[in-house]
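Source file: target39.cif; contents: mmCIF, N, CA and C atoms.
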```
data_work
loop_
_atom_site.label_atom_id
_atom_site.label_comp_id
_atom_site.auth_asym_id
_atom_site.auth_seq_id
_atom_site.Cartn_x
_atom_site.Cartn_y
_atom_site.Cartn_z
N MET A 1 0.85 -1.18 0.00
CA MET A 1 0.00 0.00 0.00
C MET A 1 0.90 1.24 0.00
N ILE A 2 0.48 2.25 -0.69
CA ILE A 2 1.24 3.50 -0.83
C ILE A 2 0.82 4.46 0.28
N SER A 3 1.76 5.20 0.81
CA SER A 3 1.45 6.12 1.91
C SER A 3 0.78 7.39 1.42
N ALA A 4 0.06 8.04 2.32
CA ALA A 4 -0.63 9.29 1.99
C ALA A 4 0.38 10.37 1.61
N SER A 5 1.55 10.38 2.27
CA SER A 5 2.55 11.41 1.94
C SER A 5 3.12 11.19 0.53
N THR A 6 3.26 9.94 0.13
CA THR A 6 3.73 9.65 -1.23
C THR A 6 2.72 10.15 -2.27
N LEU A 7 1.44 9.89 -2.00
CA LEU A 7 0.39 10.40 -2.90
C LEU A 7 0.38 11.92 -2.91
N SER A 8 0.52 12.51 -1.74
CA SER A 8 0.53 13.97 -1.63
C SER A 8 1.67 14.57 -2.44
N ASN A 9 2.83 13.97 -2.36
CA ASN A 9 3.99 14.45 -3.14
C ASN A 9 3.74 14.30 -4.64
N ALA A 10 3.08 13.23 -5.03
CA ALA A 10 2.80 13.00 -6.45
C ALA A 10 1.89 14.08 -7.00
N PHE A 11 0.96 14.57 -6.19
CA PHE A 11 0.01 15.59 -6.64
C PHE A 11 0.71 16.91 -7.00
N ASN A 12 1.91 17.09 -6.52
CA ASN A 12 2.67 18.30 -6.83
C ASN A 12 3.49 18.17 -8.12
N LYS A 13 3.39 17.02 -8.76
CA LYS A 13 4.15 16.76 -9.99
C LYS A 13 3.18 16.49 -11.14
N PRO A 14 3.63 16.68 -12.37
CA PRO A 14 2.77 16.39 -13.52
C PRO A 14 2.37 14.91 -13.55
N VAL A 15 1.16 14.64 -13.99
CA VAL A 15 0.65 13.27 -14.05
C VAL A 15 1.57 12.38 -14.87
N ILE A 16 2.16 12.92 -15.90
CA ILE A 16 3.03 12.13 -16.79
C ILE A 16 4.23 11.52 -16.04
N THR A 17 4.58 12.10 -14.89
CA THR A 17 5.72 11.60 -14.13
C THR A 17 5.31 10.53 -13.10
N TRP A 18 4.03 10.30 -12.93
CA TRP A 18 3.56 9.35 -11.93
C TRP A 18 3.89 7.93 -12.33
N SER A 19 4.20 7.12 -11.34
CA SER A 19 4.45 5.70 -11.58
C SER A 19 3.12 4.95 -11.51
N ILE A 20 3.15 3.72 -11.93
CA ILE A 20 1.96 2.86 -11.87
C ILE A 20 1.52 2.70 -10.42
N SER A 21 2.46 2.61 -9.50
CA SER A 21 2.09 2.44 -8.08
C SER A 21 1.35 3.67 -7.55
N ILE A 22 1.73 4.85 -8.02
CA ILE A 22 1.01 6.07 -7.60
C ILE A 22 -0.42 6.02 -8.14
N LEU A 23 -0.56 5.69 -9.40
CA LEU A 23 -1.89 5.60 -10.00
C LEU A 23 -2.74 4.54 -9.29
N ASN A 24 -2.15 3.39 -9.03
CA ASN A 24 -2.88 2.34 -8.31
C ASN A 24 -3.25 2.79 -6.90
N GLY A 25 -2.36 3.51 -6.24
CA GLY A 25 -2.66 4.02 -4.89
C GLY A 25 -3.81 5.01 -4.91
N LEU A 26 -3.82 5.89 -5.90
CA LEU A 26 -4.90 6.85 -6.04
C LEU A 26 -6.22 6.13 -6.34
N ALA A 27 -6.17 5.14 -7.19
CA ALA A 27 -7.37 4.37 -7.52
C ALA A 27 -7.89 3.64 -6.28
N ALA A 28 -7.01 3.06 -5.50
CA ALA A 28 -7.42 2.37 -4.28
C ALA A 28 -8.05 3.34 -3.29
N ALA A 29 -7.46 4.54 -3.18
CA ALA A 29 -7.98 5.54 -2.24
C ALA A 29 -9.36 6.04 -2.65
N THR A 30 -9.65 6.00 -3.94
CA THR A 30 -10.95 6.49 -4.42
C THR A 30 -11.90 5.34 -4.78
N PHE A 31 -11.47 4.11 -4.48
CA PHE A 31 -12.27 2.91 -4.76
C PHE A 31 -12.69 2.86 -6.23
N ASP A 32 -11.72 3.12 -7.11
CA ASP A 32 -12.00 3.15 -8.53
C ASP A 32 -10.99 2.32 -9.30
N ASP A 33 -11.26 2.09 -10.55
CA ASP A 33 -10.38 1.34 -11.43
C ASP A 33 -9.23 2.25 -11.89
N PRO A 34 -7.98 1.77 -11.84
CA PRO A 34 -6.85 2.61 -12.24
C PRO A 34 -6.98 3.19 -13.66
N ALA A 35 -7.49 2.40 -14.60
CA ALA A 35 -7.65 2.90 -15.97
C ALA A 35 -8.63 4.06 -16.03
N LYS A 36 -9.70 3.96 -15.27
CA LYS A 36 -10.70 5.03 -15.24
C LYS A 36 -10.11 6.29 -14.59
N VAL A 37 -9.36 6.10 -13.53
CA VAL A 37 -8.72 7.24 -12.87
C VAL A 37 -7.76 7.94 -13.83
N LEU A 38 -6.94 7.17 -14.53
CA LEU A 38 -6.00 7.74 -15.48
C LEU A 38 -6.73 8.52 -16.57
N GLU A 39 -7.81 7.95 -17.09
CA GLU A 39 -8.57 8.63 -18.14
C GLU A 39 -9.12 9.97 -17.64
N GLU A 40 -9.54 10.00 -16.39
CA GLU A 40 -10.12 11.23 -15.82
C GLU A 40 -9.08 12.31 -15.56
N ILE A 41 -7.89 11.93 -15.17
CA ILE A 41 -6.90 12.94 -14.78
C ILE A 41 -5.92 13.33 -15.87
N GLN A 42 -5.79 12.46 -16.86
CA GLN A 42 -4.82 12.74 -17.92
C GLN A 42 -5.46 13.61 -19.00
N THR A 43 -4.87 14.73 -19.26
CA THR A 43 -5.39 15.60 -20.30
C THR A 43 -4.89 15.12 -21.66
N ARG A 44 -5.77 15.16 -22.62
CA ARG A 44 -5.40 14.78 -23.98
C ARG A 44 -5.71 15.94 -24.89
N PRO A 45 -4.80 16.26 -25.76
CA PRO A 45 -5.07 17.37 -26.67
C PRO A 45 -6.18 16.98 -27.64
N PHE A 46 -7.08 17.91 -27.87
CA PHE A 46 -8.18 17.66 -28.79
C PHE A 46 -7.75 17.98 -30.20
N LYS A 47 -8.15 17.16 -31.13
CA LYS A 47 -7.86 17.42 -32.54
C LYS A 47 -9.13 17.15 -33.33
N TYR A 48 -9.54 18.15 -34.09
CA TYR A 48 -10.71 18.02 -34.96
C TYR A 48 -10.21 17.55 -36.31
N VAL A 49 -10.60 16.33 -36.70
CA VAL A 49 -10.06 15.72 -37.91
C VAL A 49 -11.18 15.54 -38.95
N VAL A 50 -11.03 16.28 -40.05
CA VAL A 50 -11.96 16.18 -41.17
C VAL A 50 -11.15 15.78 -42.40
N ASP A 51 -11.58 14.71 -43.06
CA ASP A 51 -10.95 14.29 -44.31
C ASP A 51 -11.98 14.51 -45.41
N GLU A 52 -11.80 15.58 -46.18
CA GLU A 52 -12.76 15.94 -47.21
C GLU A 52 -12.83 14.89 -48.31
N GLU A 53 -11.69 14.31 -48.69
CA GLU A 53 -11.66 13.30 -49.74
C GLU A 53 -12.45 12.05 -49.35
N LYS A 54 -12.22 11.59 -48.13
CA LYS A 54 -12.89 10.38 -47.65
C LYS A 54 -14.26 10.68 -47.04
N GLN A 55 -14.56 11.97 -46.89
CA GLN A 55 -15.81 12.42 -46.27
C GLN A 55 -15.98 11.82 -44.88
N THR A 56 -14.94 12.04 -44.05
CA THR A 56 -15.00 11.57 -42.67
C THR A 56 -14.82 12.75 -41.72
N ILE A 57 -15.51 12.65 -40.60
CA ILE A 57 -15.38 13.61 -39.51
C ILE A 57 -15.06 12.77 -38.27
N GLN A 58 -13.93 13.05 -37.64
CA GLN A 58 -13.46 12.28 -36.48
C GLN A 58 -13.44 10.78 -36.81
N GLY A 59 -13.19 10.43 -38.06
CA GLY A 59 -13.09 9.04 -38.48
C GLY A 59 -14.41 8.42 -38.89
N PHE A 60 -15.52 9.15 -38.76
CA PHE A 60 -16.83 8.61 -39.15
C PHE A 60 -17.15 9.03 -40.58
N HIS A 61 -17.41 8.04 -41.44
CA HIS A 61 -17.67 8.28 -42.85
C HIS A 61 -19.14 8.64 -43.08
N ILE A 62 -19.35 9.70 -43.88
CA ILE A 62 -20.69 10.11 -44.28
C ILE A 62 -20.75 10.04 -45.80
N GLU A 63 -21.52 9.10 -46.30
CA GLU A 63 -21.56 8.80 -47.73
C GLU A 63 -22.06 9.97 -48.58
N ASN A 64 -23.16 10.56 -48.19
CA ASN A 64 -23.79 11.62 -48.97
C ASN A 64 -22.98 12.92 -48.85
N PRO A 65 -22.45 13.45 -49.97
CA PRO A 65 -21.61 14.66 -49.91
C PRO A 65 -22.33 15.88 -49.33
N GLN A 66 -23.60 16.06 -49.71
CA GLN A 66 -24.34 17.22 -49.19
C GLN A 66 -24.54 17.10 -47.68
N LEU A 67 -24.89 15.91 -47.22
CA LEU A 67 -25.07 15.69 -45.79
C LEU A 67 -23.74 15.82 -45.05
N PHE A 68 -22.67 15.32 -45.67
CA PHE A 68 -21.34 15.47 -45.07
C PHE A 68 -21.04 16.94 -44.79
N TRP A 69 -21.24 17.80 -45.80
CA TRP A 69 -20.93 19.22 -45.62
C TRP A 69 -21.89 19.92 -44.67
N THR A 70 -23.13 19.49 -44.64
CA THR A 70 -24.10 20.06 -43.69
C THR A 70 -23.68 19.75 -42.26
N ILE A 71 -23.36 18.48 -42.02
CA ILE A 71 -22.95 18.07 -40.67
C ILE A 71 -21.60 18.70 -40.31
N GLU A 72 -20.67 18.70 -41.26
CA GLU A 72 -19.35 19.28 -40.97
C GLU A 72 -19.49 20.76 -40.60
N SER A 73 -20.32 21.48 -41.30
CA SER A 73 -20.52 22.90 -41.02
C SER A 73 -21.06 23.12 -39.61
N ALA A 74 -22.08 22.34 -39.25
CA ALA A 74 -22.67 22.47 -37.92
C ALA A 74 -21.68 22.09 -36.83
N VAL A 75 -20.98 20.98 -37.05
CA VAL A 75 -20.00 20.51 -36.05
C VAL A 75 -18.84 21.51 -35.94
N HIS A 76 -18.37 21.99 -37.09
CA HIS A 76 -17.25 22.94 -37.10
C HIS A 76 -17.59 24.18 -36.28
N SER A 77 -18.80 24.70 -36.46
CA SER A 77 -19.23 25.87 -35.69
C SER A 77 -19.20 25.59 -34.19
N SER A 78 -19.67 24.41 -33.82
CA SER A 78 -19.67 24.04 -32.40
C SER A 78 -18.26 23.83 -31.87
N VAL A 79 -17.37 23.28 -32.70
CA VAL A 79 -15.97 23.11 -32.29
C VAL A 79 -15.35 24.49 -32.03
N MET A 80 -15.68 25.46 -32.87
CA MET A 80 -15.16 26.82 -32.69
C MET A 80 -15.64 27.43 -31.37
N GLU A 81 -16.77 26.94 -30.87
CA GLU A 81 -17.32 27.42 -29.60
C GLU A 81 -16.80 26.62 -28.41
N GLY A 82 -15.99 25.59 -28.68
CA GLY A 82 -15.38 24.84 -27.59
C GLY A 82 -15.77 23.38 -27.47
N TRP A 83 -16.71 22.92 -28.28
CA TRP A 83 -17.10 21.51 -28.23
C TRP A 83 -15.96 20.64 -28.74
N GLN A 84 -15.74 19.50 -28.11
CA GLN A 84 -14.69 18.57 -28.51
C GLN A 84 -15.33 17.21 -28.83
N PRO A 85 -15.93 17.10 -30.02
CA PRO A 85 -16.67 15.88 -30.34
C PRO A 85 -15.78 14.68 -30.59
N THR A 86 -16.29 13.54 -30.18
CA THR A 86 -15.64 12.26 -30.44
C THR A 86 -16.30 11.64 -31.68
N LYS A 87 -15.78 10.51 -32.10
CA LYS A 87 -16.40 9.79 -33.22
C LYS A 87 -17.84 9.42 -32.85
N ALA A 88 -18.07 9.01 -31.62
CA ALA A 88 -19.42 8.66 -31.17
C ALA A 88 -20.36 9.87 -31.25
N ASP A 89 -19.84 11.06 -30.93
CA ASP A 89 -20.65 12.27 -31.04
C ASP A 89 -21.05 12.54 -32.48
N ILE A 90 -20.12 12.32 -33.40
CA ILE A 90 -20.41 12.53 -34.82
C ILE A 90 -21.43 11.50 -35.29
N MET A 91 -21.29 10.28 -34.84
CA MET A 91 -22.26 9.24 -35.20
C MET A 91 -23.65 9.61 -34.69
N ASP A 92 -23.72 10.15 -33.48
CA ASP A 92 -25.01 10.57 -32.92
C ASP A 92 -25.58 11.75 -33.70
N THR A 93 -24.73 12.70 -34.08
CA THR A 93 -25.17 13.84 -34.89
C THR A 93 -25.73 13.35 -36.22
N TYR A 94 -25.06 12.40 -36.83
CA TYR A 94 -25.52 11.82 -38.09
C TYR A 94 -26.88 11.15 -37.90
N ARG A 95 -27.01 10.39 -36.82
CA ARG A 95 -28.28 9.70 -36.54
C ARG A 95 -29.42 10.70 -36.39
N VAL A 96 -29.19 11.76 -35.65
CA VAL A 96 -30.22 12.78 -35.45
C VAL A 96 -30.58 13.45 -36.78
N ALA A 97 -29.58 13.65 -37.62
CA ALA A 97 -29.81 14.31 -38.91
C ALA A 97 -30.52 13.41 -39.92
N THR A 98 -30.41 12.10 -39.76
CA THR A 98 -30.95 11.21 -40.78
C THR A 98 -32.18 10.42 -40.34
N GLU A 99 -32.48 10.39 -39.07
CA GLU A 99 -33.65 9.65 -38.59
C GLU A 99 -34.74 10.62 -38.17
N TYR A 100 -35.96 10.21 -38.37
CA TYR A 100 -37.10 11.03 -37.98
C TYR A 100 -37.08 11.26 -36.47
N GLN A 101 -37.25 12.51 -36.08
CA GLN A 101 -37.19 12.90 -34.67
C GLN A 101 -38.54 13.52 -34.27
N PRO A 102 -39.55 12.70 -33.95
CA PRO A 102 -40.88 13.25 -33.68
C PRO A 102 -40.90 14.23 -32.50
N LYS A 103 -40.15 13.96 -31.46
CA LYS A 103 -40.14 14.86 -30.30
C LYS A 103 -39.55 16.21 -30.70
N MET A 104 -38.48 16.18 -31.48
CA MET A 104 -37.87 17.42 -31.93
C MET A 104 -38.84 18.21 -32.82
N GLU A 105 -39.54 17.49 -33.69
CA GLU A 105 -40.51 18.14 -34.57
C GLU A 105 -41.63 18.79 -33.76
N ASN A 106 -42.13 18.08 -32.75
CA ASN A 106 -43.18 18.64 -31.89
C ASN A 106 -42.69 19.88 -31.15
N ASN A 107 -41.46 19.81 -30.62
CA ASN A 107 -40.89 20.97 -29.93
C ASN A 107 -40.75 22.15 -30.88
N PHE A 108 -40.31 21.89 -32.10
CA PHE A 108 -40.15 22.93 -33.10
C PHE A 108 -41.50 23.59 -33.39
N LYS A 109 -42.52 22.74 -33.59
CA LYS A 109 -43.85 23.26 -33.89
C LYS A 109 -44.38 24.10 -32.73
N GLN A 110 -44.15 23.66 -31.49
CA GLN A 110 -44.61 24.40 -30.32
C GLN A 110 -43.94 25.78 -30.26
N ILE A 111 -42.68 25.81 -30.56
CA ILE A 111 -41.93 27.07 -30.46
C ILE A 111 -42.27 28.01 -31.60
N PHE A 112 -42.37 27.48 -32.82
CA PHE A 112 -42.46 28.36 -33.98
C PHE A 112 -43.83 28.41 -34.65
N SER A 113 -44.80 27.66 -34.17
CA SER A 113 -46.11 27.72 -34.81
C SER A 113 -46.81 29.02 -34.42
N GLU A 114 -47.68 29.46 -35.33
CA GLU A 114 -48.42 30.70 -35.07
C GLU A 114 -49.42 30.47 -33.95
N LYS A 115 -49.52 31.45 -33.12
CA LYS A 115 -50.44 31.37 -31.98
C LYS A 115 -51.74 32.07 -32.40
N SER A 116 -52.85 31.47 -32.02
CA SER A 116 -54.15 32.06 -32.39
C SER A 116 -54.50 33.20 -31.47
#
```

File written out as structure tokens:
Amino acid sequence: MISASTLSNAFNKPVITWSISILNGLAAATFDDPAKVLEEIQTRPFKYVVDEEKQTIQGFHIENPQLFWTIESAVHSSVMEGWQPTKADIMDTYRVATEYQPKMENNFKQIFSEKS
């Protein structure tokens, strides 16, 4: 078992310098899985990857060129505002754009329909 002072000293250093025993000690102290703890504390640089030739956004392929550019434009605007989408986020965006969304349609009608 790792001592509290060893963990305390580790907190004053960059995560990249931590040993596996420090990570395991932190995970044990928080009753969590070491891999999950590492994922939560390790910062990863975000990269927005669009391949126009392959029509992929974050590695997700969109067959229809018009839909590709529509989704890319919307996602790009959100990325500029600070969103950091994953491939799963792009897949979800595609699903919302291509599948009927009755709840969304009802909400839209409620907001924008003319009032008598």

Picked from chain A by DSSP as alpha helix (DSSP H), as a ChimeraX atom specification
/A:4-10,20-29,34-41,65-80,87-98,102-112

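For the pair CA of Val15 in chain A and CA of Thr86 in chain A, the interatomic distance is 23.1 Å.
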
Taking the file as I've supplied it (selection: the PyMOL selection byres (((chain A and resi 61 and name CA) around 10) and name CA)), which residues are included? Please answer as a PyMOL selection string.
chain A and resi 50-51+54-60+62-64+68+87+90-91+94

Keeping only N, CA and C atoms, write those residues as a compact mmCIF listing (two decimals), in the frame of the given file.
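Below is the file again.txt, written as the result:
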```
# COMPACT_ATOMS: atom_id res chain seq x y z
N VAL A 50 -11.03 16.28 -40.05
CA VAL A 50 -11.96 16.18 -41.17
C VAL A 50 -11.15 15.78 -42.40
N ASP A 51 -11.58 14.71 -43.06
CA ASP A 51 -10.95 14.29 -44.31
C ASP A 51 -11.98 14.51 -45.41
N LYS A 54 -12.22 11.59 -48.13
CA LYS A 54 -12.89 10.38 -47.65
C LYS A 54 -14.26 10.68 -47.04
N GLN A 55 -14.56 11.97 -46.89
CA GLN A 55 -15.81 12.42 -46.27
C GLN A 55 -15.98 11.82 -44.88
N THR A 56 -14.94 12.04 -44.05
CA THR A 56 -15.00 11.57 -42.67
C THR A 56 -14.82 12.75 -41.72
N ILE A 57 -15.51 12.65 -40.60
CA ILE A 57 -15.38 13.61 -39.51
C ILE A 57 -15.06 12.77 -38.27
N GLN A 58 -13.93 13.05 -37.64
CA GLN A 58 -13.46 12.28 -36.48
C GLN A 58 -13.44 10.78 -36.81
N GLY A 59 -13.19 10.43 -38.06
CA GLY A 59 -13.09 9.04 -38.48
C GLY A 59 -14.41 8.42 -38.89
N PHE A 60 -15.52 9.15 -38.76
CA PHE A 60 -16.83 8.61 -39.15
C PHE A 60 -17.15 9.03 -40.58
N ILE A 62 -19.35 9.70 -43.88
CA ILE A 62 -20.69 10.11 -44.28
C ILE A 62 -20.75 10.04 -45.80
N GLU A 63 -21.52 9.10 -46.30
CA GLU A 63 -21.56 8.80 -47.73
C GLU A 63 -22.06 9.97 -48.58
N ASN A 64 -23.16 10.56 -48.19
CA ASN A 64 -23.79 11.62 -48.97
C ASN A 64 -22.98 12.92 -48.85
N PHE A 68 -22.67 15.32 -45.67
CA PHE A 68 -21.34 15.47 -45.07
C PHE A 68 -21.04 16.94 -44.79
N LYS A 87 -15.78 10.51 -32.10
CA LYS A 87 -16.40 9.79 -33.22
C LYS A 87 -17.84 9.42 -32.85
N ILE A 90 -20.12 12.32 -33.40
CA ILE A 90 -20.41 12.53 -34.82
C ILE A 90 -21.43 11.50 -35.29
N MET A 91 -21.29 10.28 -34.84
CA MET A 91 -22.26 9.24 -35.20
C MET A 91 -23.65 9.61 -34.69
N TYR A 94 -25.06 12.40 -36.83
CA TYR A 94 -25.52 11.82 -38.09
C TYR A 94 -26.88 11.15 -37.90
```

Starting from the displayed file, determine the output of the PyMOL selection byres (((chain A and resi 33-48 and name CA) around 8) and name CA) and express the residue list as a ChimeraX atom specification.
/A:15-16,23-24,26-28,31-32,49-50,57-58,79,84-85

List every residue of chain A that DSSP, applied to the backbone of this structure, places in strand (DSSP E or B), and write the result as a ChimeraX atom specification.
/A:50-51,56-57,60-61

Coordinates-based distance that separates CA of Ser77 in chain A from atom C of Glu52 in chain A (Å, one decimal):
17.9 Å

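For the pair atom C of Thr30 in chain A and atom C of Trp18 in chain A, the interatomic distance is 17.7 Å.
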
I'd like the contact shell of Leu7 in chain A - 8 Å cut-off, only C-alpha atoms, skipping same-chain residues fewer than 3 positions apart - returned as a ChimeraX atom specification.
/A:2-4,10-11,22,25-26

Using the chain letters and residue numbers of this document, give as a PyMOL selection string the residues selected by the PyMOL selection byres (((chain A and resi 71 and name CA) around 9) and name CA).
chain A and resi 57+66-70+72-76+90+93-94+97
